[in-house]
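Trainee: Below is the file query.cif, with mmCIF, C-alpha atoms and all ligand atoms.
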```cif
data_run
loop_
_atom_site.label_atom_id
_atom_site.label_comp_id
_atom_site.auth_asym_id
_atom_site.auth_seq_id
_atom_site.Cartn_x
_atom_site.Cartn_y
_atom_site.Cartn_z
CA MET A 1 11.98 -9.34 -26.60
CA ALA A 2 8.80 -7.60 -25.50
CA SER A 3 9.07 -5.01 -22.80
CA PRO A 4 6.60 -5.19 -19.89
CA ALA A 5 4.68 -2.29 -21.38
CA ASN A 6 4.07 -4.31 -24.54
CA ILE A 7 2.10 -7.03 -22.76
CA PRO A 8 -1.52 -5.94 -22.57
CA HIS A 9 -3.18 -7.11 -19.40
CA ASN A 10 -6.41 -5.21 -19.07
CA GLN A 11 -8.53 -7.38 -21.36
CA PRO A 12 -8.68 -11.01 -22.50
CA PRO A 13 -6.69 -12.90 -23.47
CA TYR A 14 -4.73 -12.14 -20.31
CA PRO A 15 -1.01 -13.07 -20.23
CA THR A 16 0.17 -16.12 -18.35
CA GLN A 17 2.29 -15.68 -15.23
CA ALA A 18 5.17 -17.28 -17.18
CA ALA A 19 4.88 -14.67 -19.97
CA LEU A 20 5.03 -11.85 -17.42
CA GLN A 21 7.98 -13.48 -15.63
CA ALA A 22 9.83 -13.69 -18.96
CA VAL A 23 9.77 -9.87 -19.09
CA LYS A 24 10.55 -9.63 -15.36
CA GLN A 25 7.12 -8.39 -14.42
CA HIS A 26 5.98 -9.81 -11.10
CA ILE A 27 2.45 -10.38 -9.99
CA SER A 28 1.10 -9.76 -6.52
CA HIS A 29 -2.03 -10.51 -4.51
CA THR A 30 -5.10 -8.40 -5.18
CA PRO A 31 -6.44 -6.91 -1.95
CA ASP A 32 -9.29 -8.72 -0.21
CA ALA A 33 -9.10 -11.90 -2.31
CA LEU A 34 -7.00 -15.00 -1.47
CA LYS A 35 -5.60 -13.39 1.67
CA LEU A 36 -9.08 -13.46 3.21
CA LEU A 37 -9.30 -17.24 3.03
CA PHE A 38 -9.34 -19.40 6.15
CA TRP A 39 -8.36 -22.67 4.48
CA PRO A 40 -8.28 -25.81 6.66
CA LEU A 41 -6.49 -28.99 5.53
CA ASN A 42 -7.45 -31.52 8.20
CA ALA A 43 -7.63 -35.31 8.28
CA ASP A 44 -11.37 -35.17 7.56
CA THR A 45 -11.19 -32.36 4.97
CA GLY A 46 -12.70 -33.67 1.73
CA PRO A 47 -11.83 -32.58 -1.81
CA ALA A 48 -15.25 -30.97 -2.46
CA LEU A 49 -15.15 -27.24 -1.73
CA GLU A 50 -18.79 -27.20 -0.64
CA THR A 51 -18.03 -29.35 2.41
CA SER A 52 -14.35 -28.48 2.90
CA GLY A 53 -14.83 -25.94 5.71
CA LEU A 54 -13.27 -23.18 3.58
CA LYS A 55 -14.14 -19.79 5.10
CA VAL A 56 -13.75 -16.10 4.34
CA MET A 57 -12.45 -13.84 7.10
CA ALA A 58 -13.76 -10.34 7.81
CA ALA A 59 -11.54 -7.55 6.51
CA ALA A 60 -13.24 -4.67 8.34
CA GLY A 61 -12.35 -3.33 11.79
CA PRO A 62 -9.49 -1.31 13.22
CA ASN A 63 -6.79 -2.85 11.00
CA PRO A 64 -8.48 -3.76 7.68
CA LYS A 65 -5.12 -4.56 6.07
CA TYR A 66 -5.14 -7.77 8.10
CA PRO A 67 -8.35 -9.82 8.21
CA ASP A 68 -9.85 -10.99 11.47
CA PRO A 69 -9.20 -14.75 11.91
CA ASP A 70 -11.93 -14.91 14.54
CA VAL A 71 -14.74 -13.60 12.29
CA ARG A 72 -15.43 -15.99 9.41
CA VAL A 73 -18.28 -16.77 7.03
CA PRO A 74 -18.51 -19.87 4.78
CA TYR A 75 -17.02 -19.67 1.28
CA TYR A 76 -19.94 -21.83 0.18
CA ASP A 77 -23.30 -20.99 1.72
CA ALA A 78 -25.54 -24.02 1.27
CA ALA A 79 -28.53 -22.28 2.85
CA ALA A 80 -28.57 -19.33 0.46
CA GLY A 81 -30.37 -19.20 -2.88
CA GLY A 82 -31.68 -22.78 -3.23
CA ALA A 83 -28.67 -24.41 -4.85
CA GLY A 84 -26.28 -22.59 -2.51
CA VAL A 85 -23.96 -19.73 -3.42
CA TRP A 86 -20.23 -19.08 -3.44
CA HIS A 87 -18.96 -16.06 -1.53
CA PRO A 88 -18.62 -12.92 -3.75
CA ILE A 89 -14.81 -13.02 -3.46
CA SER A 90 -14.96 -16.19 -5.61
CA LYS A 91 -15.26 -13.99 -8.73
CA LEU A 92 -12.33 -11.68 -7.96
CA PRO A 93 -8.98 -11.92 -9.73
CA VAL A 94 -6.28 -13.42 -7.49
CA SER A 95 -3.48 -11.33 -8.94
CA ALA A 96 -2.52 -7.88 -10.13
CA PRO A 97 -1.99 -7.73 -13.00
CA LYS A 98 -4.52 -10.41 -13.95
CA VAL A 99 -3.11 -13.62 -15.40
CA SER A 100 -4.71 -16.39 -17.45
CA GLU A 101 -2.50 -19.13 -16.04
CA LEU A 102 -0.62 -19.55 -12.79
CA VAL A 103 1.62 -22.40 -11.58
CA VAL A 104 1.17 -23.13 -7.87
CA GLN A 105 3.72 -25.13 -5.91
CA ALA A 106 3.20 -27.14 -2.71
CA TRP A 107 6.27 -25.63 -1.13
CA ASP A 108 6.61 -27.88 1.93
CA VAL A 109 6.70 -31.04 -0.22
CA ALA A 110 8.94 -29.46 -2.87
CA ASP A 111 11.40 -28.56 -0.07
CA TRP A 112 11.20 -31.93 1.69
CA ALA A 113 14.47 -33.42 0.36
CA ARG A 114 16.40 -30.25 1.23
CA GLY A 115 14.92 -30.27 4.75
CA TRP A 116 16.04 -33.87 5.16
CA GLU A 117 19.58 -32.95 4.09
CA ASP A 118 19.59 -30.19 6.71
CA LEU A 119 18.57 -32.67 9.36
CA HIS A 120 21.17 -35.30 8.45
CA TRP A 121 24.17 -33.50 6.93
CA GLU A 122 26.33 -33.97 10.01
CA HIS A 123 25.64 -37.70 10.02
CA GLU A 124 26.98 -37.88 6.47
CA LEU A 125 30.38 -36.37 7.36
CA GLU A 126 33.24 -38.79 6.79
CA ASP A 127 33.89 -39.46 10.50
CA ASN A 128 30.24 -40.12 11.29
CA ARG A 129 29.47 -42.64 8.58
CA ILE A 130 28.82 -46.21 9.59
CA PRO A 131 30.10 -48.77 7.06
CA GLU A 132 27.03 -50.99 7.49
CA TYR A 133 24.74 -48.11 6.46
CA VAL A 134 27.04 -46.99 3.65
CA ALA A 135 26.86 -50.52 2.23
CA ARG A 136 23.08 -50.27 2.05
CA GLY A 137 23.20 -47.56 -0.63
CA GLU A 138 21.76 -44.07 -1.12
CA GLY A 139 18.25 -44.65 0.23
CA ILE A 140 19.23 -44.08 3.86
CA CYS A 141 21.32 -41.74 5.99
CA HIS A 142 24.82 -43.20 6.27
CA GLY A 143 25.21 -41.96 9.83
CA CYS A 144 21.92 -42.99 11.47
CA GLY A 145 20.23 -45.34 9.01
CA VAL A 146 16.98 -43.35 8.68
CA ALA A 147 15.35 -43.66 5.24
CA ARG A 148 15.27 -40.69 2.89
CA PRO A 149 11.84 -39.23 2.12
CA PRO A 150 10.16 -40.52 -1.04
CA ALA A 151 11.27 -38.39 -3.97
CA PRO A 152 8.49 -35.91 -4.77
CA LYS A 153 7.22 -36.18 -8.31
CA GLY A 154 8.47 -33.31 -10.48
CA ASP A 155 8.39 -29.87 -8.88
CA VAL A 156 5.14 -30.62 -6.97
CA SER A 157 3.07 -27.98 -8.71
CA ILE A 158 -0.26 -27.61 -10.48
CA VAL A 159 -1.44 -25.29 -13.26
CA VAL A 160 -4.46 -23.07 -12.53
CA ARG A 161 -6.28 -21.76 -15.63
CA GLY A 162 -8.48 -18.68 -15.60
CA THR A 163 -12.16 -18.40 -16.48
CA GLY A 164 -12.76 -14.80 -15.35
CA GLY A 165 -13.97 -12.10 -17.73
CA VAL A 166 -14.62 -14.42 -20.72
CA SER A 167 -17.60 -16.48 -21.92
CA GLU A 168 -17.83 -20.10 -20.82
CA GLY A 169 -15.43 -22.31 -22.74
CA GLU A 170 -13.41 -19.36 -24.00
CA ASP A 171 -9.65 -19.32 -23.27
CA GLY A 172 -7.57 -16.48 -21.87
CA GLY A 173 -9.78 -15.49 -18.91
CA PHE A 174 -8.16 -14.30 -15.70
CA VAL A 175 -7.57 -16.60 -12.72
CA THR A 176 -10.29 -15.97 -10.14
CA VAL A 177 -10.31 -16.97 -6.49
CA HIS A 178 -12.69 -19.78 -7.45
CA ASP A 179 -10.46 -21.03 -10.28
CA TYR A 180 -7.63 -21.08 -7.77
CA VAL A 181 -9.29 -22.89 -4.87
CA SER A 182 -11.29 -25.32 -7.03
CA THR A 183 -8.05 -26.46 -8.72
CA VAL A 184 -5.66 -26.31 -5.78
CA HIS A 185 -7.80 -27.56 -2.88
CA PRO A 186 -8.52 -31.14 -4.10
CA TRP A 187 -4.87 -31.44 -5.14
CA LEU A 188 -3.66 -30.40 -1.66
CA VAL A 189 -6.08 -32.89 -0.05
CA GLY A 190 -4.40 -35.63 -2.10
CA LEU A 191 -0.93 -34.41 -1.04
CA ARG A 192 -1.73 -34.22 2.69
CA GLY A 193 0.26 -37.35 3.61
CA ASP A 194 3.39 -35.94 1.95
CA ILE A 195 2.77 -32.54 3.54
CA LEU A 196 2.65 -34.12 7.02
CA GLY A 197 5.91 -35.93 6.27
CA ALA A 198 7.63 -32.85 4.86
CA VAL A 199 6.59 -30.62 7.76
CA GLY A 200 7.62 -33.29 10.27
CA THR A 201 11.11 -33.30 8.70
CA ALA A 202 11.23 -29.49 8.58
CA SER A 203 10.45 -29.35 12.30
CA GLY A 204 13.49 -31.50 13.06
CA ASN A 205 11.78 -34.85 13.30
CA ASP A 206 12.11 -37.95 11.17
CA ASP A 207 8.48 -38.80 11.80
CA PRO A 208 5.57 -37.14 9.97
CA LEU A 209 3.25 -34.88 11.95
CA PRO A 210 0.43 -36.95 13.49
CA VAL A 211 -2.35 -37.51 10.97
CA GLU A 212 -4.87 -35.68 13.17
CA THR A 213 -2.80 -32.45 13.16
CA GLU A 214 -5.01 -29.54 12.15
CA LEU A 215 -3.43 -27.52 9.34
CA ILE A 216 -4.26 -24.21 7.67
CA VAL A 217 -3.05 -23.38 4.16
CA SER A 218 -0.96 -20.21 4.11
CA CYS A 219 -1.52 -18.00 1.03
CA ARG A 220 1.29 -15.56 1.71
CA LEU A 221 2.70 -16.22 -1.76
CA LEU A 222 0.39 -16.70 -4.75
CA ASP A 223 2.48 -19.39 -6.38
CA LYS A 224 4.01 -21.16 -3.36
CA LEU A 225 1.62 -22.55 -0.77
CA SER A 226 2.73 -23.82 2.60
CA VAL A 227 0.84 -24.96 5.68
CA GLN A 228 0.96 -24.09 9.34
CA LYS A 229 -0.51 -25.75 12.37
CA ARG A 230 -3.89 -24.26 13.02
CA GLU A 231 -2.97 -22.74 16.38
CA ASP A 232 0.21 -21.16 14.98
CA TRP A 233 -1.59 -19.77 11.96
CA ILE A 234 -4.37 -18.22 14.04
CA ARG A 235 -1.93 -16.77 16.55
CA ASN A 236 0.14 -15.16 13.79
CA ALA A 237 -2.97 -13.73 12.13
CA ARG A 238 -4.13 -12.21 15.45
CA LYS A 239 -0.66 -10.80 16.07
CA GLN A 240 -0.56 -9.11 12.65
CA ARG A 241 -4.00 -7.65 13.14
CA SER A 242 -3.47 -6.33 16.67
CA PRO A 243 0.27 -6.16 17.39
CA ASP A 244 -0.25 -3.98 20.50
CA ASP A 245 -2.76 -6.38 22.05
CA PHE A 246 -0.40 -9.25 21.33
CA ILE A 247 2.57 -7.57 23.00
CA SER A 248 0.56 -6.60 26.07
CA SER A 249 -0.69 -10.18 26.37
CA LEU A 250 2.95 -11.32 26.49
CA ARG A 251 3.74 -8.79 29.25
CA ASP A 252 0.72 -9.82 31.32
CA PRO A 253 1.18 -13.44 32.38
CA SER A 254 -2.50 -13.71 33.34
CA GLN A 255 -3.40 -13.31 29.66
CA GLN A 256 -0.96 -15.88 28.41
CA SER A 257 -2.15 -19.16 27.09
CA GLY A 258 -0.29 -22.17 25.76
CA GLU A 259 -0.68 -20.67 22.31
CA ALA A 260 1.64 -17.76 23.18
CA TYR A 261 4.66 -19.97 22.50
CA LEU A 262 6.14 -18.79 19.21
CA GLY A 263 8.85 -20.55 17.26
CA PRO A 264 11.73 -18.64 15.67
CA PHE A 265 10.13 -18.76 12.23
CA GLY A 266 6.52 -18.78 13.37
CA GLY A 267 6.58 -22.42 12.41
CA PHE A 268 6.22 -25.86 13.88
CA HIS A 269 7.26 -27.26 17.20
CA PRO A 270 7.08 -30.81 18.41
CA ASP A 271 5.84 -29.41 21.69
CA PRO A 272 3.40 -31.78 23.39
CA PHE A 273 1.76 -28.86 25.11
CA MET A 274 0.74 -27.40 21.78
CA GLN A 275 -0.97 -30.66 20.89
CA GLN A 276 -3.65 -29.92 23.44
CA GLY A 277 -6.77 -27.85 23.19
CA ARG A 278 -7.50 -28.54 19.56
CA ARG A 279 -10.72 -27.21 18.24
CA ARG A 280 -12.83 -28.72 15.50
CA GLU A 281 -14.02 -26.63 12.59
ZN ZN B 1 20.95 -39.28 9.86
#
```
Please go through the file and, once you have read it, give me the structure as structure tokens.
Ligand SMILES: [Zn+2]
Mentor:
Amino acid sequence: MASPANIPHNQPPYPTQAALQAVKQHISHTPDALKLLFWPLNADTGPALETSGLKVMAAAGPNPKYPDPDVRVPYYDAAAGGAGVWHPISKLPVSAPKVSELVVQAWDVADWARGWEDLHWEHELEDNRIPEYVARGEGICHGCGVARPPAPKGDVSIVVRGTGGVSEGEDGGFVTVHDYVSTVHPWLVGLRGDILGAVGTASGNDDPLPVETELIVSCRLLDKLSVQKREDWIRNARKQRSPDDFISSLRDPSQQSGEAYLGPFGGFHPDPFMQQGRRRE
């Protein structure tokens, strides 16, 4: 078996993520690439990147490690250069080391069935089962009669192939930011209904999130994407960038807004008061 040192990864053909994993070499984000994306997934978000509202956040300022969620420029600038131009980060590799192929999972949907089990396990205990529901088979909870989520197809993932650093049509290029978003974005748009259902279940509800919920794709992990509600995502990004400002805003009630409510995992809350004050892109 090859040792990590035996896999060359500084020229094409670049190794696949799977080949690196086989020798226990992990990949990580490159700085100032995918982590700069402000990536909405709303009810009216179309599959075409040009009109998707995808933005690039500013990385400069007092804490450049964390981009500024309030300063954003378009990923696709229709006004520039006649035919329009993609932001320069589009050409950057997403990972270090570079890989020619990466499998990306829609984590919320992949985890949907497990989230449902968490929500209903007590209902399925012997004493809580209701014979009428048990008689109706495995498609429903035997304690409360709620239907199981539709089984996700496969592991809910997509393969991203790289085109960076090679001539057009040549194989073995590295996965760029543009390879990544142009493959993953239209796929996520198609999965949005399942994502709303999965996140609804994960937040302790049998109903999906309302279709108009504004979502942002979270790129914390290169190969497992999840979503957060827009207001939660922005609040977390501001907190990471300026932790001192965030803490002082919690101490000073006059600076608090409805958005200061933070869940235990920074996640979702069926809190009607967070449904207000939505902003359009
Ligand atoms: Zn149940």
Trainee: Which polymer residues, whether protein, DNA or RNA, lie within 12 Å of the coordinate (4.3, -44.1, -4.7) when you count only C-alpha atoms? List them as a list in words, using the chain letters and numbers from the file.
Mentor: Pro149, Pro150, Ala151, Pro152, Lys153, Leu191, Gly193 and Asp194 of chain A
Trainee: Where does chain A meet ligand ZN 1 (chain B) within 8 Å, residue by residue, with the nearest atom pair and distance in Å to one decimal for each, counting only C-alpha atoms and all ligand atoms, listed by chain and rising number, as CSV?
Mentor:
```
residue,atom,partner,partner_atom,distance
A:Leu119,CA,B:ZN1,ZN,7.0
A:His120,CA,B:ZN1,ZN,4.2
A:Trp121,CA,B:ZN1,ZN,7.2
A:Glu122,CA,B:ZN1,ZN,7.6
A:His123,CA,B:ZN1,ZN,5.0
A:Glu124,CA,B:ZN1,ZN,7.1
A:Ile140,CA,B:ZN1,ZN,7.9
A:Cys141,CA,B:ZN1,ZN,4.6
A:His142,CA,B:ZN1,ZN,6.6
A:Gly143,CA,B:ZN1,ZN,5.0
A:Cys144,CA,B:ZN1,ZN,4.2
A:Gly145,CA,B:ZN1,ZN,6.2
A:Val146,CA,B:ZN1,ZN,5.8
```
Trainee: In Å to one decimal, how far is atom CA of A:Phe38 from atom CA of A:Arg114?
Mentor: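 Interatomic distance here is 28.4 Å.
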Trainee: Find the residues near A:Ala58: any atom within 10 Å, counting only C-alpha atoms, skip ones fewer than 5 places away on the same chain, and give them as a list of chain:residue names.
Mentor: A:Asp32, A:Leu36, A:Leu37, A:Pro64, A:Tyr66, A:Pro67, A:Asp68, A:Pro69, A:Asp70, A:Val71, A:Arg72, A:Val73
Trainee: Record the distance separating atom CA of A:Ser90 and atom CA of A:Thr176, expressed in Å with one decimal.
Mentor: 6.5 Å
Trainee: Which of these, A:Ala96, A:Glu212, A:Tyr133, A:Glu126, has the shortest distance to A:Ser28 once you count only C-alpha atoms?
Mentor: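 Ranked by minimum distance to A:Ser28, first place goes to A:Ala96.
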Trainee: Given only C-alpha atoms as the basis, pick out the residue of A:Ala106, A:Ala113, A:Val166, A:Leu34 nearest to A:Val227.
Mentor: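 Using only C-alpha atoms, the shortest distance to A:Val227 belongs to A:Ala106.
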Trainee: For atom CA of A:Leu196 and atom CA of A:Pro208, quote the distance in Å rounded to one decimal.
Mentor: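 Spanning atom CA of A:Leu196 to atom CA of A:Pro208 is a straight-line distance of 5.1 Å.
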Trainee: Could you complete stretch 86-115 of chain A so that it carries N, CA and C atoms, and give it back as a PDB file, keeping the file's coordinate frame?
Mentor:
```
ATOM      1  N   TRP A  86     -21.628 -19.326  -3.803  1.00  0.00           N
ATOM      2  CA  TRP A  86     -20.230 -19.080  -3.440  1.00  0.00           C
ATOM      3  C   TRP A  86     -20.121 -17.647  -2.958  1.00  0.00           C
ATOM      4  N   HIS A  87     -19.202 -17.417  -2.053  1.00  0.00           N
ATOM      5  CA  HIS A  87     -18.960 -16.060  -1.530  1.00  0.00           C
ATOM      6  C   HIS A  87     -18.554 -15.133  -2.697  1.00  0.00           C
ATOM      7  N   PRO A  88     -18.959 -13.854  -2.639  1.00  0.00           N
ATOM      8  CA  PRO A  88     -18.620 -12.920  -3.750  1.00  0.00           C
ATOM      9  C   PRO A  88     -17.127 -12.838  -4.070  1.00  0.00           C
ATOM     10  N   ILE A  89     -16.245 -13.107  -3.108  1.00  0.00           N
ATOM     11  CA  ILE A  89     -14.810 -13.020  -3.460  1.00  0.00           C
ATOM     12  C   ILE A  89     -14.414 -14.086  -4.488  1.00  0.00           C
ATOM     13  N   SER A  90     -15.285 -15.110  -4.662  1.00  0.00           N
ATOM     14  CA  SER A  90     -14.960 -16.190  -5.610  1.00  0.00           C
ATOM     15  C   SER A  90     -14.724 -15.652  -7.022  1.00  0.00           C
ATOM     16  N   LYS A  91     -15.352 -14.519  -7.360  1.00  0.00           N
ATOM     17  CA  LYS A  91     -15.260 -13.990  -8.730  1.00  0.00           C
ATOM     18  C   LYS A  91     -14.092 -13.024  -8.926  1.00  0.00           C
ATOM     19  N   LEU A  92     -13.410 -12.683  -7.854  1.00  0.00           N
ATOM     20  CA  LEU A  92     -12.330 -11.680  -7.960  1.00  0.00           C
ATOM     21  C   LEU A  92     -11.075 -12.280  -8.577  1.00  0.00           C
ATOM     22  N   PRO A  93     -10.289 -11.436  -9.273  1.00  0.00           N
ATOM     23  CA  PRO A  93      -8.980 -11.920  -9.730  1.00  0.00           C
ATOM     24  C   PRO A  93      -8.063 -12.155  -8.532  1.00  0.00           C
ATOM     25  N   VAL A  94      -7.214 -13.183  -8.604  1.00  0.00           N
ATOM     26  CA  VAL A  94      -6.280 -13.420  -7.490  1.00  0.00           C
ATOM     27  C   VAL A  94      -5.072 -12.500  -7.559  1.00  0.00           C
ATOM     28  N   SER A  95      -4.766 -12.025  -8.776  1.00  0.00           N
ATOM     29  CA  SER A  95      -3.480 -11.330  -8.940  1.00  0.00           C
ATOM     30  C   SER A  95      -3.648  -9.978  -9.617  1.00  0.00           C
ATOM     31  N   ALA A  96      -2.659  -9.126  -9.385  1.00  0.00           N
ATOM     32  CA  ALA A  96      -2.520  -7.880 -10.130  1.00  0.00           C
ATOM     33  C   ALA A  96      -1.101  -7.853 -10.675  1.00  0.00           C
ATOM     34  N   PRO A  97      -0.922  -7.715 -12.011  1.00  0.00           N
ATOM     35  CA  PRO A  97      -1.990  -7.730 -13.000  1.00  0.00           C
ATOM     36  C   PRO A  97      -2.648  -9.105 -13.108  1.00  0.00           C
ATOM     37  N   LYS A  98      -3.811  -9.138 -13.763  1.00  0.00           N
ATOM     38  CA  LYS A  98      -4.520 -10.410 -13.950  1.00  0.00           C
ATOM     39  C   LYS A  98      -3.702 -11.337 -14.851  1.00  0.00           C
ATOM     40  N   VAL A  99      -3.795 -12.638 -14.552  1.00  0.00           N
ATOM     41  CA  VAL A  99      -3.110 -13.620 -15.400  1.00  0.00           C
ATOM     42  C   VAL A  99      -4.087 -14.723 -15.797  1.00  0.00           C
ATOM     43  N   SER A 100      -3.825 -15.331 -16.965  1.00  0.00           N
ATOM     44  CA  SER A 100      -4.710 -16.390 -17.450  1.00  0.00           C
ATOM     45  C   SER A 100      -4.253 -17.772 -16.986  1.00  0.00           C
ATOM     46  N   GLU A 101      -3.032 -17.837 -16.469  1.00  0.00           N
ATOM     47  CA  GLU A 101      -2.500 -19.130 -16.040  1.00  0.00           C
ATOM     48  C   GLU A 101      -1.445 -18.887 -14.975  1.00  0.00           C
ATOM     49  N   LEU A 102      -1.494 -19.727 -13.945  1.00  0.00           N
ATOM     50  CA  LEU A 102      -0.620 -19.550 -12.790  1.00  0.00           C
ATOM     51  C   LEU A 102      -0.174 -20.938 -12.347  1.00  0.00           C
ATOM     52  N   VAL A 103       1.112 -21.112 -12.073  1.00  0.00           N
ATOM     53  CA  VAL A 103       1.620 -22.400 -11.580  1.00  0.00           C
ATOM     54  C   VAL A 103       1.804 -22.292 -10.066  1.00  0.00           C
ATOM     55  N   VAL A 104       1.142 -23.190  -9.329  1.00  0.00           N
ATOM     56  CA  VAL A 104       1.170 -23.130  -7.870  1.00  0.00           C
ATOM     57  C   VAL A 104       1.927 -24.338  -7.331  1.00  0.00           C
ATOM     58  N   GLN A 105       2.875 -24.067  -6.457  1.00  0.00           N
ATOM     59  CA  GLN A 105       3.720 -25.130  -5.910  1.00  0.00           C
ATOM     60  C   GLN A 105       3.337 -25.441  -4.459  1.00  0.00           C
ATOM     61  N   ALA A 106       3.362 -26.734  -4.117  1.00  0.00           N
ATOM     62  CA  ALA A 106       3.200 -27.140  -2.710  1.00  0.00           C
ATOM     63  C   ALA A 106       4.597 -27.073  -2.095  1.00  0.00           C
ATOM     64  N   TRP A 107       4.887 -25.932  -1.489  1.00  0.00           N
ATOM     65  CA  TRP A 107       6.270 -25.630  -1.130  1.00  0.00           C
ATOM     66  C   TRP A 107       6.856 -26.608  -0.111  1.00  0.00           C
ATOM     67  N   ASP A 108       6.070 -26.990   0.885  1.00  0.00           N
ATOM     68  CA  ASP A 108       6.610 -27.880   1.930  1.00  0.00           C
ATOM     69  C   ASP A 108       7.124 -29.194   1.312  1.00  0.00           C
ATOM     70  N   VAL A 109       6.329 -29.751   0.381  1.00  0.00           N
ATOM     71  CA  VAL A 109       6.700 -31.040  -0.220  1.00  0.00           C
ATOM     72  C   VAL A 109       7.881 -30.845  -1.177  1.00  0.00           C
ATOM     73  N   ALA A 110       7.842 -29.732  -1.931  1.00  0.00           N
ATOM     74  CA  ALA A 110       8.940 -29.460  -2.870  1.00  0.00           C
ATOM     75  C   ALA A 110      10.267 -29.297  -2.119  1.00  0.00           C
ATOM     76  N   ASP A 111      10.192 -28.837  -0.856  1.00  0.00           N
ATOM     77  CA  ASP A 111      11.400 -28.560  -0.070  1.00  0.00           C
ATOM     78  C   ASP A 111      11.790 -29.727   0.849  1.00  0.00           C
ATOM     79  N   TRP A 112      11.030 -30.826   0.751  1.00  0.00           N
ATOM     80  CA  TRP A 112      11.200 -31.930   1.690  1.00  0.00           C
ATOM     81  C   TRP A 112      12.619 -32.511   1.678  1.00  0.00           C
ATOM     82  N   ALA A 113      13.143 -32.791   0.457  1.00  0.00           N
ATOM     83  CA  ALA A 113      14.470 -33.420   0.360  1.00  0.00           C
ATOM     84  C   ALA A 113      15.544 -32.504   0.943  1.00  0.00           C
ATOM     85  N   ARG A 114      15.416 -31.189   0.689  1.00  0.00           N
ATOM     86  CA  ARG A 114      16.400 -30.250   1.230  1.00  0.00           C
ATOM     87  C   ARG A 114      16.319 -30.218   2.767  1.00  0.00           C
ATOM     88  N   GLY A 115      15.095 -30.252   3.299  1.00  0.00           N
ATOM     89  CA  GLY A 115      14.920 -30.270   4.750  1.00  0.00           C
ATOM     90  C   GLY A 115      15.554 -31.506   5.378  1.00  0.00           C
TER      91      GLY A 115
END
```
